[in-house]
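Participant: Dropping in final-v8.cif, with mmCIF, N, CA and C atoms.
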data_upload
loop_
_atom_site.label_atom_id
_atom_site.label_comp_id
_atom_site.auth_asym_id
_atom_site.auth_seq_id
_atom_site.Cartn_x
_atom_site.Cartn_y
_atom_site.Cartn_z
N MET Y 1 -140.54 87.19 -35.67
CA MET Y 1 -139.50 86.33 -35.12
C MET Y 1 -139.61 86.32 -33.60
N ILE Y 2 -139.40 85.15 -33.03
CA ILE Y 2 -139.51 84.96 -31.59
C ILE Y 2 -138.18 85.33 -30.93
N ALA Y 3 -138.26 86.11 -29.85
CA ALA Y 3 -137.07 86.40 -29.05
C ALA Y 3 -136.85 85.24 -28.08
N VAL Y 4 -135.61 84.87 -27.87
CA VAL Y 4 -135.29 83.74 -26.99
C VAL Y 4 -134.36 84.22 -25.88
N LEU Y 5 -134.75 83.88 -24.65
CA LEU Y 5 -133.92 84.15 -23.48
C LEU Y 5 -133.47 82.81 -22.91
N TYR Y 6 -132.32 82.78 -22.26
CA TYR Y 6 -131.75 81.53 -21.76
C TYR Y 6 -131.57 81.61 -20.25
N LYS Y 7 -132.13 80.64 -19.53
CA LYS Y 7 -131.90 80.53 -18.09
C LYS Y 7 -130.51 79.94 -17.87
N PRO Y 8 -129.86 80.26 -16.76
CA PRO Y 8 -128.52 79.70 -16.48
C PRO Y 8 -128.49 78.17 -16.50
N THR Y 9 -129.56 77.53 -16.05
CA THR Y 9 -129.63 76.06 -16.08
C THR Y 9 -129.52 75.54 -17.50
N PHE Y 10 -130.22 76.19 -18.42
CA PHE Y 10 -130.16 75.79 -19.82
C PHE Y 10 -128.73 75.92 -20.34
N VAL Y 11 -128.09 77.03 -20.05
CA VAL Y 11 -126.73 77.28 -20.53
C VAL Y 11 -125.76 76.23 -19.99
N ARG Y 12 -125.87 75.89 -18.71
CA ARG Y 12 -125.00 74.86 -18.11
C ARG Y 12 -125.21 73.51 -18.79
N GLN Y 13 -126.48 73.13 -18.99
CA GLN Y 13 -126.77 71.85 -19.63
C GLN Y 13 -126.28 71.84 -21.08
N TYR Y 14 -126.48 72.95 -21.77
CA TYR Y 14 -126.03 73.07 -23.17
C TYR Y 14 -124.51 72.91 -23.26
N ASP Y 15 -123.79 73.55 -22.36
CA ASP Y 15 -122.32 73.49 -22.37
C ASP Y 15 -121.80 72.07 -22.15
N GLN Y 16 -122.56 71.22 -21.51
CA GLN Y 16 -122.14 69.85 -21.24
C GLN Y 16 -122.43 68.90 -22.40
N LEU Y 17 -123.19 69.35 -23.40
CA LEU Y 17 -123.52 68.50 -24.54
C LEU Y 17 -122.32 68.36 -25.48
N PRO Y 18 -122.24 67.25 -26.21
CA PRO Y 18 -121.20 67.11 -27.23
C PRO Y 18 -121.35 68.19 -28.30
N THR Y 19 -120.26 68.56 -28.93
CA THR Y 19 -120.25 69.64 -29.92
C THR Y 19 -121.25 69.42 -31.04
N GLU Y 20 -121.35 68.18 -31.55
CA GLU Y 20 -122.29 67.90 -32.64
C GLU Y 20 -123.73 68.16 -32.20
N LEU Y 21 -124.03 67.78 -30.97
CA LEU Y 21 -125.38 67.98 -30.45
C LEU Y 21 -125.64 69.47 -30.20
N GLN Y 22 -124.63 70.21 -29.77
CA GLN Y 22 -124.78 71.65 -29.59
C GLN Y 22 -125.19 72.31 -30.90
N GLU Y 23 -124.57 71.88 -32.01
CA GLU Y 23 -124.92 72.43 -33.32
C GLU Y 23 -126.37 72.10 -33.68
N GLU Y 24 -126.80 70.89 -33.37
CA GLU Y 24 -128.18 70.49 -33.63
C GLU Y 24 -129.15 71.34 -32.81
N VAL Y 25 -128.80 71.60 -31.55
CA VAL Y 25 -129.63 72.43 -30.68
C VAL Y 25 -129.73 73.85 -31.26
N LYS Y 26 -128.60 74.41 -31.70
CA LYS Y 26 -128.61 75.75 -32.30
C LYS Y 26 -129.54 75.82 -33.50
N GLU Y 27 -129.48 74.80 -34.36
CA GLU Y 27 -130.33 74.76 -35.55
C GLU Y 27 -131.81 74.71 -35.17
N CYS Y 28 -132.15 73.91 -34.16
CA CYS Y 28 -133.54 73.80 -33.73
C CYS Y 28 -134.03 75.10 -33.11
N ILE Y 29 -133.18 75.76 -32.36
CA ILE Y 29 -133.56 77.05 -31.76
C ILE Y 29 -133.80 78.07 -32.86
N ALA Y 30 -132.94 78.10 -33.88
CA ALA Y 30 -133.13 79.03 -35.01
C ALA Y 30 -134.43 78.74 -35.73
N LEU Y 31 -134.74 77.47 -35.94
CA LEU Y 31 -136.00 77.10 -36.57
C LEU Y 31 -137.18 77.52 -35.71
N PHE Y 32 -137.07 77.30 -34.40
CA PHE Y 32 -138.11 77.70 -33.45
C PHE Y 32 -138.34 79.21 -33.50
N GLN Y 33 -137.26 79.98 -33.59
CA GLN Y 33 -137.38 81.43 -33.64
C GLN Y 33 -138.13 81.89 -34.90
N LYS Y 34 -137.87 81.23 -36.01
CA LYS Y 34 -138.53 81.60 -37.27
C LYS Y 34 -139.97 81.13 -37.32
N ASN Y 35 -140.22 79.90 -36.83
CA ASN Y 35 -141.56 79.32 -36.91
C ASN Y 35 -141.77 78.35 -35.76
N PRO Y 36 -142.25 78.82 -34.62
CA PRO Y 36 -142.41 77.93 -33.46
C PRO Y 36 -143.43 76.82 -33.70
N ARG Y 37 -144.26 76.96 -34.70
CA ARG Y 37 -145.27 75.94 -34.98
C ARG Y 37 -144.80 74.91 -36.01
N CYS Y 38 -143.54 74.93 -36.35
CA CYS Y 38 -142.99 73.99 -37.33
C CYS Y 38 -143.23 72.55 -36.84
N GLN Y 39 -143.80 71.72 -37.70
CA GLN Y 39 -144.14 70.35 -37.33
C GLN Y 39 -142.93 69.52 -36.91
N SER Y 40 -141.78 69.77 -37.50
CA SER Y 40 -140.60 68.97 -37.19
C SER Y 40 -140.12 69.16 -35.74
N LEU Y 41 -140.50 70.26 -35.11
CA LEU Y 41 -140.11 70.49 -33.71
C LEU Y 41 -140.97 69.69 -32.73
N ARG Y 42 -142.13 69.27 -33.15
CA ARG Y 42 -143.05 68.50 -32.31
C ARG Y 42 -143.28 69.18 -30.95
N MET Y 43 -143.58 70.48 -30.99
CA MET Y 43 -143.84 71.23 -29.77
C MET Y 43 -145.11 70.72 -29.10
N HIS Y 44 -145.07 70.61 -27.78
CA HIS Y 44 -146.25 70.17 -27.05
C HIS Y 44 -146.22 70.71 -25.62
N LYS Y 45 -147.41 70.80 -25.04
CA LYS Y 45 -147.54 71.21 -23.65
C LYS Y 45 -147.17 70.03 -22.76
N LEU Y 46 -146.60 70.36 -21.60
CA LEU Y 46 -146.23 69.33 -20.64
C LEU Y 46 -147.31 69.20 -19.57
N ARG Y 47 -147.36 68.04 -18.95
CA ARG Y 47 -148.39 67.78 -17.93
C ARG Y 47 -147.73 67.45 -16.61
N GLY Y 48 -148.55 67.24 -15.62
CA GLY Y 48 -148.07 66.84 -14.30
C GLY Y 48 -147.31 67.96 -13.62
N ALA Y 49 -146.16 67.63 -13.05
CA ALA Y 49 -145.36 68.61 -12.30
C ALA Y 49 -144.87 69.74 -13.19
N LEU Y 50 -144.80 69.51 -14.50
CA LEU Y 50 -144.33 70.54 -15.43
C LEU Y 50 -145.47 71.25 -16.16
N ARG Y 51 -146.66 71.15 -15.61
CA ARG Y 51 -147.81 71.83 -16.21
C ARG Y 51 -147.51 73.33 -16.33
N GLY Y 52 -147.85 73.90 -17.46
CA GLY Y 52 -147.57 75.31 -17.71
C GLY Y 52 -146.31 75.53 -18.55
N PHE Y 53 -145.52 74.48 -18.72
CA PHE Y 53 -144.33 74.54 -19.55
C PHE Y 53 -144.58 73.80 -20.86
N LEU Y 54 -143.72 74.05 -21.83
CA LEU Y 54 -143.81 73.38 -23.12
C LEU Y 54 -142.46 72.78 -23.46
N SER Y 55 -142.46 71.96 -24.50
CA SER Y 55 -141.24 71.31 -24.92
C SER Y 55 -141.23 71.19 -26.44
N PHE Y 56 -140.02 71.22 -27.03
CA PHE Y 56 -139.90 70.87 -28.43
C PHE Y 56 -138.68 69.98 -28.61
N SER Y 57 -138.70 69.20 -29.67
CA SER Y 57 -137.68 68.19 -29.91
C SER Y 57 -136.47 68.74 -30.63
N VAL Y 58 -135.31 68.31 -30.20
CA VAL Y 58 -134.06 68.55 -30.92
C VAL Y 58 -133.85 67.38 -31.88
N ASN Y 59 -134.02 66.18 -31.35
CA ASN Y 59 -133.96 64.96 -32.14
C ASN Y 59 -134.82 63.93 -31.40
N TYR Y 60 -134.68 62.68 -31.76
CA TYR Y 60 -135.51 61.65 -31.13
C TYR Y 60 -135.30 61.58 -29.62
N ARG Y 61 -134.09 61.85 -29.17
CA ARG Y 61 -133.75 61.68 -27.75
C ARG Y 61 -133.78 62.97 -26.93
N TYR Y 62 -133.40 64.09 -27.51
CA TYR Y 62 -133.21 65.32 -26.74
C TYR Y 62 -134.34 66.31 -26.92
N ARG Y 63 -134.65 67.02 -25.83
CA ARG Y 63 -135.74 67.99 -25.79
C ARG Y 63 -135.27 69.31 -25.19
N ILE Y 64 -136.02 70.37 -25.52
CA ILE Y 64 -135.81 71.67 -24.89
C ILE Y 64 -137.11 72.03 -24.19
N VAL Y 65 -137.02 72.35 -22.91
CA VAL Y 65 -138.19 72.77 -22.13
C VAL Y 65 -138.16 74.29 -22.07
N PHE Y 66 -139.34 74.90 -22.30
CA PHE Y 66 -139.41 76.35 -22.29
C PHE Y 66 -140.76 76.83 -21.78
N GLN Y 67 -140.86 78.13 -21.60
CA GLN Y 67 -142.14 78.75 -21.28
C GLN Y 67 -142.24 80.05 -22.05
N TRP Y 68 -143.46 80.42 -22.34
CA TRP Y 68 -143.70 81.69 -23.04
C TRP Y 68 -143.72 82.83 -22.04
N GLU Y 69 -143.15 83.94 -22.44
CA GLU Y 69 -143.27 85.19 -21.69
C GLU Y 69 -143.84 86.19 -22.69
N GLY Y 70 -145.13 86.38 -22.63
CA GLY Y 70 -145.78 87.21 -23.63
C GLY Y 70 -145.98 86.41 -24.91
N ARG Y 71 -146.29 87.10 -25.99
CA ARG Y 71 -146.58 86.43 -27.25
C ARG Y 71 -145.35 86.15 -28.10
N SER Y 72 -144.30 86.92 -27.89
CA SER Y 72 -143.16 86.79 -28.80
C SER Y 72 -141.82 86.54 -28.12
N THR Y 73 -141.86 86.08 -26.86
CA THR Y 73 -140.63 85.78 -26.14
C THR Y 73 -140.74 84.41 -25.48
N ALA Y 74 -139.73 83.59 -25.71
CA ALA Y 74 -139.66 82.26 -25.08
C ALA Y 74 -138.44 82.22 -24.19
N ILE Y 75 -138.62 81.62 -23.02
CA ILE Y 75 -137.51 81.44 -22.08
C ILE Y 75 -137.14 79.96 -22.09
N LEU Y 76 -135.93 79.65 -22.55
CA LEU Y 76 -135.46 78.27 -22.58
C LEU Y 76 -134.95 77.89 -21.20
N LEU Y 77 -135.54 76.84 -20.63
CA LEU Y 77 -135.27 76.46 -19.26
C LEU Y 77 -134.30 75.30 -19.10
N ALA Y 78 -134.40 74.32 -19.99
CA ALA Y 78 -133.59 73.11 -19.86
C ALA Y 78 -133.43 72.43 -21.21
N VAL Y 79 -132.34 71.70 -21.37
CA VAL Y 79 -132.11 70.89 -22.56
C VAL Y 79 -131.50 69.57 -22.10
N GLY Y 80 -132.00 68.48 -22.67
CA GLY Y 80 -131.46 67.18 -22.32
C GLY Y 80 -132.34 66.07 -22.83
N ASP Y 81 -132.00 64.84 -22.41
CA ASP Y 81 -132.82 63.70 -22.81
C ASP Y 81 -134.10 63.70 -21.96
N HIS Y 82 -134.82 62.61 -21.97
CA HIS Y 82 -136.11 62.60 -21.28
C HIS Y 82 -135.99 62.83 -19.77
N ASP Y 83 -134.79 62.69 -19.20
CA ASP Y 83 -134.59 62.98 -17.78
C ASP Y 83 -134.79 64.47 -17.49
N VAL Y 84 -134.77 65.30 -18.52
CA VAL Y 84 -134.97 66.74 -18.33
C VAL Y 84 -136.38 67.01 -17.78
N TYR Y 85 -137.29 66.07 -17.97
CA TYR Y 85 -138.66 66.23 -17.47
C TYR Y 85 -138.77 65.98 -15.98
N ARG Y 86 -137.72 65.47 -15.35
CA ARG Y 86 -137.77 65.17 -13.92
C ARG Y 86 -137.38 66.33 -13.08
#
Just dump the structure as structure tokens.
Facilitator:
Amino acid sequence: MIAVLYKPTFVRQYDQLPTELQEEVKECIALFQKNPRCQSLRMHKLRGALRGFLSFSVNYRYRIVFQWEGRSTAILLAVGDHDVYR
């Protein structure tokens, strides 16, 4: 199982999401912890200014940006729509 750490930016963004979306985010994080390679998460490496970071999908619109710290720890950096990539 993957350990997950949360940056303060992620927590602030998460707190601003609607309650229904917060539940969806929690479910995706739990799925990520059990199996980060799950196809439904659509995990991918980011390019450009965010090179070195990765992202996985919450739904069609929302993403979670993270980075690996070692083999079994992920640090969640941001959550939001595609503007999170800016």
Participant: Identify all residues satisfying the PyMOL selection byres (((chain Y and resi 55 and name CA) around 8) and name CA) in the given file; provide them as a list in words.
Facilitator: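 Given this file, the PyMOL selection byres (((chain Y and resi 55 and name CA) around 8) and name CA) evaluates to Met43, His44, Lys45, Leu46, Phe53, Leu54, Phe56, Ser57, Arg63, Ile64, Val65 and Phe66 of chain Y.
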Participant: Just write the chosen residues, N, CA and C atoms, as a tab-separated table (two decimals), keeping the file's coordinate frame.
Facilitator:
chain	number	residue	atom	x	y	z
Y	43	MET	N	-143.58	70.48	-30.99
Y	43	MET	CA	-143.84	71.23	-29.77
Y	43	MET	C	-145.11	70.72	-29.10
Y	44	HIS	N	-145.07	70.61	-27.78
Y	44	HIS	CA	-146.25	70.17	-27.05
Y	44	HIS	C	-146.22	70.71	-25.62
Y	45	LYS	N	-147.41	70.80	-25.04
Y	45	LYS	CA	-147.54	71.21	-23.65
Y	45	LYS	C	-147.17	70.03	-22.76
Y	46	LEU	N	-146.60	70.36	-21.60
Y	46	LEU	CA	-146.23	69.33	-20.64
Y	46	LEU	C	-147.31	69.20	-19.57
Y	53	PHE	N	-145.52	74.48	-18.72
Y	53	PHE	CA	-144.33	74.54	-19.55
Y	53	PHE	C	-144.58	73.80	-20.86
Y	54	LEU	N	-143.72	74.05	-21.83
Y	54	LEU	CA	-143.81	73.38	-23.12
Y	54	LEU	C	-142.46	72.78	-23.46
Y	56	PHE	N	-140.02	71.22	-27.03
Y	56	PHE	CA	-139.90	70.87	-28.43
Y	56	PHE	C	-138.68	69.98	-28.61
Y	57	SER	N	-138.70	69.20	-29.67
Y	57	SER	CA	-137.68	68.19	-29.91
Y	57	SER	C	-136.47	68.74	-30.63
Y	63	ARG	N	-134.65	67.02	-25.83
Y	63	ARG	CA	-135.74	67.99	-25.79
Y	63	ARG	C	-135.27	69.31	-25.19
Y	64	ILE	N	-136.02	70.37	-25.52
Y	64	ILE	CA	-135.81	71.67	-24.89
Y	64	ILE	C	-137.11	72.03	-24.19
Y	65	VAL	N	-137.02	72.35	-22.91
Y	65	VAL	CA	-138.19	72.77	-22.13
Y	65	VAL	C	-138.16	74.29	-22.07
Y	66	PHE	N	-139.34	74.90	-22.30
Y	66	PHE	CA	-139.41	76.35	-22.29
Y	66	PHE	C	-140.76	76.83	-21.78
Participant: Figure out the distance between atom N of Tyr14 (chain Y) and atom N of Val79 (chain Y), please, to one decimal in Å.
Facilitator: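 Atom N of Tyr14 (chain Y) lies 6.0 Å from atom N of Val79 (chain Y).
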Participant: For this structure, which residues satisfy the selection - the PyMOL selection byres (((chain Y and resi 24 and name CA) around 12) and name CA) - when it is evaluated on the file as given? I want them as a VMD selection string.
Facilitator: chain Y and resid 14 17 to 23 25 to 31 41 57 to 64 79
Participant: Any chance you could list, as a ChimeraX atom specification, the residues in region 17-69 of chain Y that come up helix (DSSP H, G or I) when DSSP is run on the backbone?
Facilitator: /Y:19-34,39-41,48-50
Participant: On this structure, which residues satisfy the PyMOL selection byres ((chain Y and resi 9) around 7), written as a list in words?
Facilitator: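 The output of the PyMOL selection byres ((chain Y and resi 9) around 7) on this file is Tyr6, Lys7, Pro8, Phe10, Val11, Arg12, Gln13, Tyr14, Leu76, Leu77, Ala78 and Val79 of chain Y.
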Participant: May I ask for the distance between CA of Ile75 (chain Y) and CA of Leu5 (chain Y), given in Å to one decimal place?
Facilitator: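 Value for the CA of Ile75 (chain Y)-CA of Leu5 (chain Y) distance: 4.7 Å.
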Participant: Please compute the atom N of Tyr85 (chain Y)-atom N of Glu69 (chain Y) distance, one decimal, in Å.
Facilitator: 19.3 Å
Participant: Box in all listed atoms of region 40-54 of chain Y, axis-aligned, with 8 Å more on each side; write out centre and edge lengths in Å to one decimal as lines of an AutoDock Vina configuration file.
Facilitator:
center_x = -144.3
center_y = 71.2
center_z = -24.9
size_x = 24.4
size_y = 24.7
size_z = 41.2
Participant: Which of these residues is nearest to Val4 (chain Y), using only N, CA and C atoms: Y:Asn35, Y:Thr73, Y:Arg42, Y:Gly52?
Facilitator: Y:Thr73
Participant: From region 7-68 of chain Y, collect each residue whose DSSP state is strand (DSSP E) and return the set as a list in words.
Facilitator: His44, Lys45, Leu54, Ser55, Phe56, Ser57, Arg63, Ile64, Val65, Phe66, Gln67 and Trp68 of chain Y
Participant: Can you tell me which residues surround Ile2 (chain Y) at a distance of at most 9 Å, considering only C-alpha atoms, apart from same-chain residues fewer than 3 positions away, and format the answer as a list in words?
Facilitator: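 Non-adjacent residues within range: Phe32, Gln33, Lys34, Asn35, Pro36, Arg71, Ser72, Thr73 and Ala74 of chain Y.
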